[in-house]
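Source file coords.cif; content: mmCIF, C-alpha atoms.
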```
data_coords
#
loop_
_atom_site.group_PDB
_atom_site.id
_atom_site.type_symbol
_atom_site.label_atom_id
_atom_site.label_comp_id
_atom_site.auth_asym_id
_atom_site.auth_seq_id
_atom_site.Cartn_x
_atom_site.Cartn_y
_atom_site.Cartn_z
ATOM 1 C CA MET A 629 27.935 -20.964 -2.870
ATOM 2 C CA SER A 630 27.280 -19.945 0.743
ATOM 3 C CA LYS A 631 30.159 -22.130 1.941
ATOM 4 C CA ASP A 632 32.484 -20.496 -0.573
ATOM 5 C CA LEU A 633 31.537 -16.894 0.247
ATOM 6 C CA GLU A 634 34.114 -16.582 3.026
ATOM 7 C CA LEU A 635 36.757 -17.978 0.668
ATOM 8 C CA TYR A 636 35.819 -15.322 -1.886
ATOM 9 C CA LYS A 637 36.209 -12.583 0.737
ATOM 10 C CA ILE A 638 39.644 -13.911 1.680
ATOM 11 C CA PHE A 639 40.622 -14.140 -1.988
ATOM 12 C CA HIS A 640 39.491 -10.555 -2.564
ATOM 13 C CA THR A 641 41.443 -9.265 0.448
ATOM 14 C CA VAL A 642 44.667 -11.061 -0.571
ATOM 15 C CA ALA A 643 44.320 -9.755 -4.128
ATOM 16 C CA TYR A 644 43.810 -6.228 -2.797
ATOM 17 C CA TYR A 645 46.836 -6.240 -0.455
ATOM 18 C CA LYS A 646 49.020 -8.502 -2.661
ATOM 19 C CA ASN A 647 50.428 -9.846 0.585
ATOM 20 C CA ILE A 648 49.334 -12.789 2.742
ATOM 21 C CA SER A 649 50.392 -11.262 6.068
ATOM 22 C CA HIS A 650 48.739 -7.918 5.362
ATOM 23 C CA ALA A 651 45.549 -9.695 4.285
ATOM 24 C CA ALA A 652 45.611 -11.831 7.451
ATOM 25 C CA ALA A 653 45.939 -8.716 9.609
ATOM 26 C CA ALA A 654 43.028 -7.039 7.805
ATOM 27 C CA LEU A 655 40.871 -10.164 8.215
ATOM 28 C CA TYR A 656 41.930 -10.784 11.848
ATOM 29 C CA ILE A 657 42.916 -14.370 11.080
ATOM 30 C CA SER A 658 46.276 -16.157 10.950
ATOM 31 C CA GLN A 659 48.542 -16.262 7.894
ATOM 32 C CA PRO A 660 48.320 -20.064 7.695
ATOM 33 C CA ALA A 661 44.516 -19.803 7.685
ATOM 34 C CA VAL A 662 44.674 -17.349 4.763
ATOM 35 C CA SER A 663 47.071 -19.558 2.817
ATOM 36 C CA LYS A 664 44.952 -22.634 3.503
ATOM 37 C CA SER A 665 41.815 -20.823 2.294
ATOM 38 C CA ILE A 666 43.468 -19.708 -0.937
ATOM 39 C CA LYS A 667 44.675 -23.253 -1.640
ATOM 40 C CA LYS A 668 41.195 -24.599 -0.902
ATOM 41 C CA LEU A 669 39.573 -22.108 -3.297
ATOM 42 C CA GLU A 670 42.090 -22.934 -6.024
ATOM 43 C CA ALA A 671 41.313 -26.616 -5.499
ATOM 44 C CA ILE A 672 37.570 -26.022 -5.720
ATOM 45 C CA LEU A 673 37.908 -23.979 -8.897
ATOM 46 C CA ASP A 674 40.676 -26.244 -10.197
ATOM 47 C CA ILE A 675 42.704 -23.231 -11.335
ATOM 48 C CA LYS A 676 45.692 -21.250 -10.081
ATOM 49 C CA LEU A 677 44.679 -17.782 -8.881
ATOM 50 C CA PHE A 678 47.960 -16.381 -7.499
ATOM 51 C CA SER A 679 51.615 -16.457 -8.391
ATOM 52 C CA ARG A 680 53.734 -16.446 -5.240
ATOM 53 C CA SER A 681 57.175 -14.836 -4.800
ATOM 54 C CA SER A 682 59.365 -13.512 -2.013
ATOM 55 C CA LYS A 683 57.796 -10.080 -2.496
ATOM 56 C CA GLY A 684 54.253 -11.347 -2.042
ATOM 57 C CA VAL A 685 51.536 -12.616 -4.352
ATOM 58 C CA THR A 686 50.175 -11.431 -7.683
ATOM 59 C CA LEU A 687 47.079 -12.495 -9.537
ATOM 60 C CA THR A 688 47.397 -14.827 -12.483
ATOM 61 C CA THR A 689 45.594 -13.909 -15.700
ATOM 62 C CA GLU A 690 42.703 -16.111 -14.626
ATOM 63 C CA GLY A 691 42.889 -14.666 -11.109
ATOM 64 C CA LYS A 692 42.561 -11.110 -12.437
ATOM 65 C CA LEU A 693 39.454 -12.056 -14.378
ATOM 66 C CA PHE A 694 37.957 -13.810 -11.363
ATOM 67 C CA TYR A 695 38.807 -10.821 -9.133
ATOM 68 C CA GLU A 696 36.725 -8.492 -11.309
ATOM 69 C CA TYR A 697 33.654 -10.679 -10.801
ATOM 70 C CA ILE A 698 34.251 -11.143 -7.077
ATOM 71 C CA GLU A 699 34.704 -7.405 -6.569
ATOM 72 C CA LYS A 700 31.389 -6.688 -8.317
ATOM 73 C CA ALA A 701 29.642 -9.425 -6.328
ATOM 74 C CA LEU A 702 30.942 -8.226 -2.964
ATOM 75 C CA HIS A 703 30.015 -4.659 -3.883
ATOM 76 C CA LEU A 704 26.457 -5.774 -4.655
ATOM 77 C CA ILE A 705 26.266 -7.671 -1.379
ATOM 78 C CA SER A 706 27.450 -4.550 0.458
ATOM 79 C CA GLU A 707 24.835 -2.449 -1.325
ATOM 80 C CA GLY A 708 22.195 -5.008 -0.410
ATOM 81 C CA GLU A 709 23.211 -4.879 3.251
ATOM 82 C CA ASN A 710 23.092 -1.073 3.187
ATOM 83 C CA THR A 711 19.637 -1.161 1.602
ATOM 84 C CA LEU A 712 18.374 -3.512 4.308
ATOM 85 C CA THR A 713 19.803 -1.185 6.949
ATOM 86 C CA GLU A 714 17.972 1.747 5.369
ATOM 87 C CA LEU A 715 14.758 -0.265 5.161
ATOM 88 C CA LYS A 716 15.019 -1.179 8.840
ATOM 89 C CA SER A 717 15.650 2.450 9.736
ATOM 90 C CA LYS A 718 12.707 3.451 7.487
ATOM 91 C CA LYS A 719 14.918 5.516 5.205
ATOM 92 C CA GLN A 720 13.813 3.635 2.107
ATOM 93 C CA GLY A 721 10.871 1.648 0.777
ATOM 94 C CA VAL A 722 7.912 1.665 -1.587
ATOM 95 C CA ILE A 723 4.253 1.266 -0.599
ATOM 96 C CA THR A 724 1.514 0.571 -3.142
ATOM 97 C CA ILE A 725 -2.001 1.407 -1.969
ATOM 98 C CA GLY A 726 -5.341 0.670 -3.620
ATOM 99 C CA VAL A 727 -8.156 3.069 -2.783
ATOM 100 C CA SER A 728 -11.360 4.407 -4.320
ATOM 101 C CA THR A 729 -11.693 8.015 -5.455
ATOM 102 C CA THR A 730 -13.958 8.965 -2.546
ATOM 103 C CA LEU A 731 -11.830 7.386 0.182
ATOM 104 C CA CYS A 732 -8.661 8.715 -1.427
ATOM 105 C CA LYS A 733 -9.907 12.292 -1.420
ATOM 106 C CA HIS A 734 -11.773 12.389 1.864
ATOM 107 C CA PHE A 735 -9.843 9.912 4.035
ATOM 108 C CA LEU A 736 -6.375 9.065 2.716
ATOM 109 C CA LEU A 737 -5.168 12.439 1.440
ATOM 110 C CA PRO A 738 -5.711 14.338 4.707
ATOM 111 C CA HIS A 739 -3.462 11.811 6.478
ATOM 112 C CA LEU A 740 -0.886 11.353 3.728
ATOM 113 C CA LYS A 741 1.141 14.547 4.092
ATOM 114 C CA PRO A 742 1.945 14.106 7.822
ATOM 115 C CA PHE A 743 3.251 10.599 7.109
ATOM 116 C CA MET A 744 5.361 11.764 4.166
ATOM 117 C CA ASN A 745 6.771 14.582 6.277
ATOM 118 C CA GLN A 746 7.793 12.054 8.907
ATOM 119 C CA TYR A 747 9.161 9.488 6.431
ATOM 120 C CA PRO A 748 10.187 11.474 3.311
ATOM 121 C CA GLU A 749 12.345 8.658 1.910
ATOM 122 C CA ILE A 750 9.437 6.187 1.666
ATOM 123 C CA LYS A 751 7.742 6.342 -1.739
ATOM 124 C CA ILE A 752 3.992 5.887 -2.001
ATOM 125 C CA LYS A 753 2.144 4.711 -5.101
ATOM 126 C CA ILE A 754 -1.633 5.037 -5.206
ATOM 127 C CA ILE A 755 -3.789 2.950 -7.506
ATOM 128 C CA ASN A 756 -7.152 4.673 -7.747
ATOM 129 C CA LYS A 757 -9.765 1.975 -8.462
ATOM 130 C CA THR A 758 -13.074 0.717 -7.091
ATOM 131 C CA THR A 759 -13.111 -1.430 -3.969
ATOM 132 C CA PHE A 760 -13.724 -4.575 -6.013
ATOM 133 C CA ASP A 761 -10.760 -3.726 -8.252
ATOM 134 C CA THR A 762 -8.676 -3.148 -5.125
ATOM 135 C CA LEU A 763 -9.603 -6.587 -3.778
ATOM 136 C CA GLN A 764 -8.658 -8.135 -7.112
ATOM 137 C CA HIS A 765 -5.307 -6.322 -7.071
ATOM 138 C CA ILE A 766 -4.681 -7.647 -3.551
ATOM 139 C CA ASP A 767 -5.413 -11.186 -4.757
ATOM 140 C CA GLN A 768 -2.994 -10.707 -7.667
ATOM 141 C CA GLY A 769 -0.256 -9.271 -5.440
ATOM 142 C CA MET A 770 -0.265 -5.954 -7.332
ATOM 143 C CA ILE A 771 -0.694 -3.788 -4.226
ATOM 144 C CA ASP A 772 0.420 -4.024 -0.607
ATOM 145 C CA PHE A 773 -2.953 -3.184 0.876
ATOM 146 C CA GLY A 774 -6.191 -1.356 0.233
ATOM 147 C CA ILE A 775 -8.256 1.197 2.072
ATOM 148 C CA VAL A 776 -11.880 0.162 1.641
ATOM 149 C CA SER A 777 -15.297 0.189 3.207
ATOM 150 C CA ARG A 778 -15.748 -3.204 4.810
ATOM 151 C CA PRO A 779 -16.568 -5.775 2.092
ATOM 152 C CA PHE A 780 -19.082 -8.536 2.682
ATOM 153 C CA ASN A 781 -16.627 -11.453 2.528
ATOM 154 C CA LEU A 782 -13.368 -11.266 4.466
ATOM 155 C CA ASP A 783 -12.385 -14.940 4.492
ATOM 156 C CA SER A 784 -9.052 -14.504 2.701
ATOM 157 C CA TYR A 785 -8.194 -11.057 4.042
ATOM 158 C CA THR A 786 -7.081 -9.279 7.170
ATOM 159 C CA PHE A 787 -9.226 -6.207 7.828
ATOM 160 C CA ILE A 788 -8.216 -3.533 10.354
ATOM 161 C CA LYS A 789 -10.904 -1.005 11.216
ATOM 162 C CA LEU A 790 -9.870 2.640 10.976
ATOM 163 C CA ALA A 791 -13.118 4.588 11.201
ATOM 164 C CA THR A 792 -16.900 4.360 11.289
ATOM 165 C CA ILE A 793 -18.838 6.044 8.496
ATOM 166 C CA GLN A 794 -22.507 6.887 8.138
ATOM 167 C CA ASP A 795 -24.452 6.909 4.868
ATOM 168 C CA ILE A 796 -27.299 9.415 4.737
ATOM 169 C CA PHE A 797 -29.884 10.729 2.276
ATOM 170 C CA VAL A 798 -29.351 14.362 1.280
ATOM 171 C CA ALA A 799 -30.773 16.951 -1.066
ATOM 172 C CA GLU A 800 -30.777 20.689 -1.648
ATOM 173 C CA LYS A 801 -33.238 22.541 0.622
ATOM 174 C CA GLU A 802 -35.330 24.114 -2.149
ATOM 175 C CA TYR A 803 -35.618 20.789 -3.970
ATOM 176 C CA LEU A 804 -37.148 19.208 -0.864
ATOM 177 C CA LYS A 805 -39.639 22.056 -0.636
ATOM 178 C CA SER A 806 -40.581 21.625 -4.288
ATOM 179 C CA ILE A 807 -41.525 17.963 -3.835
ATOM 180 C CA GLN A 808 -43.273 18.699 -0.532
ATOM 181 C CA VAL A 809 -41.458 16.259 1.717
ATOM 182 C CA VAL A 810 -43.317 16.129 5.041
ATOM 183 C CA ALA A 811 -42.932 12.648 6.519
ATOM 184 C CA PRO A 812 -39.448 11.041 6.841
ATOM 185 C CA ASN A 813 -40.002 8.448 4.077
ATOM 186 C CA ASP A 814 -41.822 10.684 1.594
ATOM 187 C CA ILE A 815 -38.705 10.866 -0.537
ATOM 188 C CA PHE A 816 -39.078 7.229 -1.591
ATOM 189 C CA THR A 817 -42.286 8.034 -3.505
ATOM 190 C CA LYS A 818 -41.741 11.680 -4.435
ATOM 191 C CA ALA A 819 -38.047 12.255 -5.168
ATOM 192 C CA ILE A 820 -35.785 11.728 -8.146
ATOM 193 C CA PHE A 821 -32.899 9.524 -6.997
ATOM 194 C CA MET A 822 -29.261 9.726 -8.009
ATOM 195 C CA LEU A 823 -27.031 6.818 -6.973
ATOM 196 C CA LEU A 824 -23.637 5.321 -7.608
ATOM 197 C CA GLU A 825 -23.332 2.676 -10.313
ATOM 198 C CA SER A 826 -24.452 -0.841 -9.425
ATOM 199 C CA ASP A 827 -20.920 -2.320 -9.336
ATOM 200 C CA ASN A 828 -19.868 0.068 -6.564
ATOM 201 C CA ILE A 829 -19.603 -1.449 -3.069
ATOM 202 C CA THR A 830 -21.382 1.548 -1.512
ATOM 203 C CA ARG A 831 -24.227 1.184 -4.006
ATOM 204 C CA GLN A 832 -24.514 -2.494 -3.161
ATOM 205 C CA TYR A 833 -24.641 -1.630 0.533
ATOM 206 C CA ILE A 834 -27.462 0.846 -0.129
ATOM 207 C CA ASP A 835 -29.295 -1.626 -2.379
ATOM 208 C CA GLN A 836 -29.153 -4.155 0.457
ATOM 209 C CA PHE A 837 -30.714 -1.549 2.763
ATOM 210 C CA PHE A 838 -33.500 -0.985 0.231
ATOM 211 C CA ILE A 839 -34.178 -4.724 -0.089
ATOM 212 C CA GLU A 840 -34.276 -5.289 3.670
ATOM 213 C CA ASN A 841 -36.784 -2.462 4.081
ATOM 214 C CA ASN A 842 -38.956 -3.212 1.023
ATOM 215 C CA ILE A 843 -38.011 0.060 -0.630
ATOM 216 C CA PHE A 844 -38.115 0.070 -4.418
ATOM 217 C CA ILE A 845 -35.991 2.739 -6.096
ATOM 218 C CA LYS A 846 -35.121 3.203 -9.743
ATOM 219 C CA PRO A 847 -32.449 5.909 -9.946
ATOM 220 C CA GLU A 848 -32.714 8.486 -12.712
ATOM 221 C CA ILE A 849 -28.967 9.152 -12.587
ATOM 222 C CA GLU A 850 -26.181 6.633 -11.957
ATOM 223 C CA ILE A 851 -22.551 7.682 -11.825
ATOM 224 C CA ASN A 852 -19.286 6.196 -10.593
ATOM 225 C CA THR A 853 -18.095 8.993 -8.290
ATOM 226 C CA MET A 854 -19.712 10.202 -5.084
ATOM 227 C CA ASP A 855 -18.287 13.698 -5.516
ATOM 228 C CA PHE A 856 -20.436 14.150 -8.632
ATOM 229 C CA LEU A 857 -23.522 12.983 -6.736
ATOM 230 C CA ILE A 858 -22.795 15.612 -4.107
ATOM 231 C CA GLU A 859 -22.513 18.330 -6.733
ATOM 232 C CA PHE A 860 -25.685 17.179 -8.519
ATOM 233 C CA ALA A 861 -27.589 17.262 -5.241
ATOM 234 C CA LYS A 862 -26.272 20.748 -4.418
ATOM 235 C CA ILE A 863 -27.783 22.159 -7.619
ATOM 236 C CA GLY A 864 -31.158 20.575 -6.883
ATOM 237 C CA LEU A 865 -31.281 17.649 -9.312
ATOM 238 C CA GLY A 866 -32.626 15.182 -6.757
ATOM 239 C CA VAL A 867 -31.917 13.077 -3.682
ATOM 240 C CA THR A 868 -28.772 11.024 -3.243
ATOM 241 C CA VAL A 869 -26.963 8.920 -0.660
ATOM 242 C CA VAL A 870 -23.561 10.111 0.527
ATOM 243 C CA ILE A 871 -21.195 9.543 3.432
ATOM 244 C CA LYS A 872 -22.018 12.059 6.147
ATOM 245 C CA ASN A 873 -18.436 12.176 7.455
ATOM 246 C CA PHE A 874 -17.269 13.626 4.142
ATOM 247 C CA ILE A 875 -19.854 16.407 3.718
ATOM 248 C CA GLU A 876 -19.911 17.960 7.187
ATOM 249 C CA GLN A 877 -19.038 21.365 5.742
ATOM 250 C CA ASP A 878 -21.860 21.269 3.172
ATOM 251 C CA LEU A 879 -24.330 20.306 5.890
ATOM 252 C CA ALA A 880 -23.056 23.033 8.200
ATOM 253 C CA ASN A 881 -23.343 25.823 5.624
ATOM 254 C CA GLY A 882 -26.706 24.638 4.283
ATOM 255 C CA ASN A 883 -25.614 23.542 0.816
ATOM 256 C CA LEU A 884 -27.206 20.171 1.574
ATOM 257 C CA VAL A 885 -29.844 18.981 3.995
ATOM 258 C CA GLU A 886 -29.823 15.594 5.679
ATOM 259 C CA ILE A 887 -33.102 13.743 5.177
ATOM 260 C CA PRO A 888 -34.052 11.482 8.088
ATOM 261 C CA VAL A 889 -35.540 8.124 7.130
ATOM 262 C CA SER A 890 -36.963 5.294 9.191
ATOM 263 C CA PRO A 891 -35.124 3.104 9.811
ATOM 264 C CA PRO A 892 -31.822 4.927 9.215
ATOM 265 C CA ILE A 893 -29.100 3.317 7.133
ATOM 266 C CA PRO A 894 -26.840 1.300 9.472
ATOM 267 C CA SER A 895 -23.343 2.689 9.942
ATOM 268 C CA ARG A 896 -20.387 0.782 8.484
ATOM 269 C CA THR A 897 -16.603 0.803 8.758
ATOM 270 C CA ILE A 898 -13.639 1.650 6.575
ATOM 271 C CA GLY A 899 -10.223 0.211 7.118
ATOM 272 C CA ILE A 900 -7.062 -1.414 5.873
ATOM 273 C CA ILE A 901 -7.323 -4.702 4.015
ATOM 274 C CA PHE A 902 -4.593 -7.076 2.834
ATOM 275 C CA ASN A 903 -4.011 -10.716 2.011
ATOM 276 C CA LYS A 904 -3.687 -12.876 5.132
ATOM 277 C CA LYS A 905 -0.789 -14.753 3.553
ATOM 278 C CA LYS A 906 1.185 -11.676 2.481
ATOM 279 C CA ASN A 907 4.389 -10.757 4.286
ATOM 280 C CA LEU A 908 4.252 -6.984 4.630
ATOM 281 C CA SER A 909 7.380 -4.926 4.046
ATOM 282 C CA ILE A 910 8.826 -2.754 6.809
ATOM 283 C CA ALA A 911 7.692 0.370 4.944
ATOM 284 C CA THR A 912 4.149 -1.004 4.638
ATOM 285 C CA GLN A 913 4.050 -2.006 8.306
ATOM 286 C CA THR A 914 5.200 1.505 9.218
ATOM 287 C CA PHE A 915 2.365 3.088 7.239
ATOM 288 C CA LEU A 916 -0.222 0.694 8.650
ATOM 289 C CA SER A 917 0.933 1.452 12.178
ATOM 290 C CA TYR A 918 0.653 5.152 11.403
ATOM 291 C CA LEU A 919 -2.908 4.761 10.108
ATOM 292 C CA GLN A 920 -3.883 2.702 13.156
ATOM 293 C CA THR A 921 -2.901 5.597 15.418
ATOM 294 C CA LEU A 922 -5.839 7.462 13.845
ATOM 295 C CA ILE A 923 -8.371 5.074 15.381
#
```

Final structure tokens representation of the file:
Amino acid sequence: MSKDLELYKIFHTVAYYKNISHAAAALYISQPAVSKSIKKLEAILDIKLFSRSSKGVTLTTEGKLFYEYIEKALHLISEGENTLTELKSKKQGVITIGVSTTLCKHFLLPHLKPFMNQYPEIKIKIINKTTFDTLQHIDQGMIDFGIVSRPFNLDSYTFIKLATIQDIFVAEKEYLKSIQVVAPNDIFTKAIFMLLESDNITRQYIDQFFIENNIFIKPEIEINTMDFLIEFAKIGLGVTVVIKNFIEQDLANGNLVEIPVSPPIPSRTIGIIFNKKKNLSIATQTFLSYLQTLI
């Protein structure tokens, strides 16, 4: 097929001009070369494509039928070349991102609009799932990359750090007064705890902190979204663990109070994650480069 493509282009040009010399001029090759190519193509196909006369050449019935297919094929090839040009110039493309609700709201969305303003032709699809779902979607090739807090096992992934986050214990001020928290770790014996569900990667990170420090907590409320935990804490239902970076405003205006504990929860990172073996599209590489400028 690839060897015959040039013959098809010559055939198409001759059929368009209905004249060997005009076709040769358009193709910047000699008339004998055009004639030789047409004869070669007719030999390969074992069918006569042109009727020749002193006035030029005309397509045979079979040649007309073949011309319709060649014209469509060359048009598709041209469209494909144009699409590649647009992809290279970042005027086209689709990016599919996996991200949790919390990271989508507090990290991705603030950075999304500037990128879309800069590259309005690139379409972005967001699949809002848990981090473990995101990793599964990466394994299945359903998304280009995920934005996650650093998972425990990175063997089959590439992880690019974007930011450091800090988990902290918080509660409403009056609630802390009501349970008479004096020492830093009083909350572990006096407070009602509200945590994310056990299959959440943040919850597992916090559970690991509890285990390492011999802290035994049985949460009264478990829910799958950190935003709800924040709201529950703000109305005084108990103590919860949230990401400090995402509640700076609530801490500043006194809606929530940070509760120091000893030792503090270690900081962790969030970043881009994708399959090591995946070839990233130009659009995806553009978005990743944009996110990396935020570091």

Applying 6 Å and only C-alpha atoms, which residues near range 775-781 of chain A remain after dropping the ones on its own chain fewer than 2 positions away? List them as an MDAnalysis selection string. chainID A and resid 727 759 783 897:900

Could you dump the residues just selected with C-alpha atoms as a compact mmCIF listing (two decimals), keeping the file's coordinate frame?
```txt
# COMPACT_ATOMS: atom_id res chain seq x y z
CA VAL A 727 -8.16 3.07 -2.78
CA THR A 759 -13.11 -1.43 -3.97
CA ASP A 783 -12.38 -14.94 4.49
CA THR A 897 -16.60 0.80 8.76
CA ILE A 898 -13.64 1.65 6.58
CA GLY A 899 -10.22 0.21 7.12
CA ILE A 900 -7.06 -1.41 5.87
```

Run the PyMOL selection byres ((chain A and resi 774) around 12) mentally over the shown coordinates, then write out the matched residues as a ChimeraX atom specification, using the chain letters and numbers from the document. /A:723-728,731-732,736,753-767,769-773,775-779,785-789,898-903,912,915-916

Looking at only C-alpha atoms, which of A:Ile815, A:Val642, A:Ile845, A:Ala701 is the one that sits closest to Leu677 in chain A? A:Val642

Looking at all atoms listed in the file, which of A:Gln794, A:Gln832, A:Ser909, A:Asp827 is the one that sits closest to Val870 in chain A?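 The answer is A:Gln794, which sits nearest to Val870 in chain A.
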
What is the CA of Thr914 in chain A to CA of Lys751 in chain A distance in Å?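 Computed distance, CA of Thr914 in chain A to CA of Lys751 in chain A, equals 12.2 Å.
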
Quick check, in Å to one decimal: how far apart do CA of Gly691 in chain A and CA of Ala643 in chain A lie?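 Between CA of Gly691 in chain A and CA of Ala643 in chain A the gap works out to 8.7 Å.
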
Would you mind reading off the distance between CA of Asn873 in chain A and CA of Glu840 in chain A, one decimal, in Å?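 CA of Glu840 in chain A lies at a distance of 23.9 Å from CA of Asn873 in chain A.
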
Could you rebuild range 651-662 of chain A with N, CA, C and O atoms and give me the result as a CSV table (one decimal), in the frame of the given file?
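Generated file (rebuild.csv):
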```csv
chain,number,residue,atom,x,y,z
A,651,ALA,N,46.9,-9.2,4.4
A,651,ALA,CA,45.5,-9.7,4.3
A,651,ALA,C,45.1,-10.4,5.6
A,651,ALA,O,44.0,-10.1,6.0
A,652,ALA,N,46.0,-11.2,6.2
A,652,ALA,CA,45.6,-11.8,7.5
A,652,ALA,C,45.3,-10.8,8.5
A,652,ALA,O,44.4,-11.0,9.3
A,653,ALA,N,46.2,-9.8,8.6
A,653,ALA,CA,45.9,-8.7,9.6
A,653,ALA,C,44.6,-8.0,9.4
A,653,ALA,O,43.9,-7.7,10.3
A,654,ALA,N,44.3,-7.7,8.1
A,654,ALA,CA,43.0,-7.0,7.8
A,654,ALA,C,41.8,-7.9,8.1
A,654,ALA,O,40.7,-7.4,8.5
A,655,LEU,N,42.0,-9.2,8.0
A,655,LEU,CA,40.9,-10.2,8.2
A,655,LEU,C,40.8,-10.7,9.7
A,655,LEU,O,39.9,-11.4,10.0
A,656,TYR,N,41.8,-10.3,10.5
A,656,TYR,CA,41.9,-10.8,11.8
A,656,TYR,C,42.0,-12.3,11.9
A,656,TYR,O,41.3,-12.9,12.8
A,657,ILE,N,42.7,-12.9,11.0
A,657,ILE,CA,42.9,-14.4,11.1
A,657,ILE,C,44.4,-14.6,10.9
A,657,ILE,O,45.2,-13.7,10.5
A,658,SER,N,44.8,-15.8,11.1
A,658,SER,CA,46.3,-16.2,11.0
A,658,SER,C,46.7,-16.3,9.5
A,658,SER,O,45.9,-16.5,8.6
A,659,GLN,N,48.0,-16.1,9.3
A,659,GLN,CA,48.5,-16.3,7.9
A,659,GLN,C,48.3,-17.7,7.4
A,659,GLN,O,47.9,-17.8,6.2
A,660,PRO,N,48.6,-18.7,8.2
A,660,PRO,CA,48.3,-20.1,7.7
A,660,PRO,C,46.9,-20.3,7.3
A,660,PRO,O,46.6,-21.0,6.3
A,661,ALA,N,45.9,-19.7,8.0
A,661,ALA,CA,44.5,-19.8,7.7
A,661,ALA,C,44.2,-19.2,6.3
A,661,ALA,O,43.4,-19.7,5.5
A,662,VAL,N,44.9,-18.0,6.1
A,662,VAL,CA,44.7,-17.3,4.8
A,662,VAL,C,45.2,-18.2,3.7
A,662,VAL,O,44.6,-18.4,2.6
```
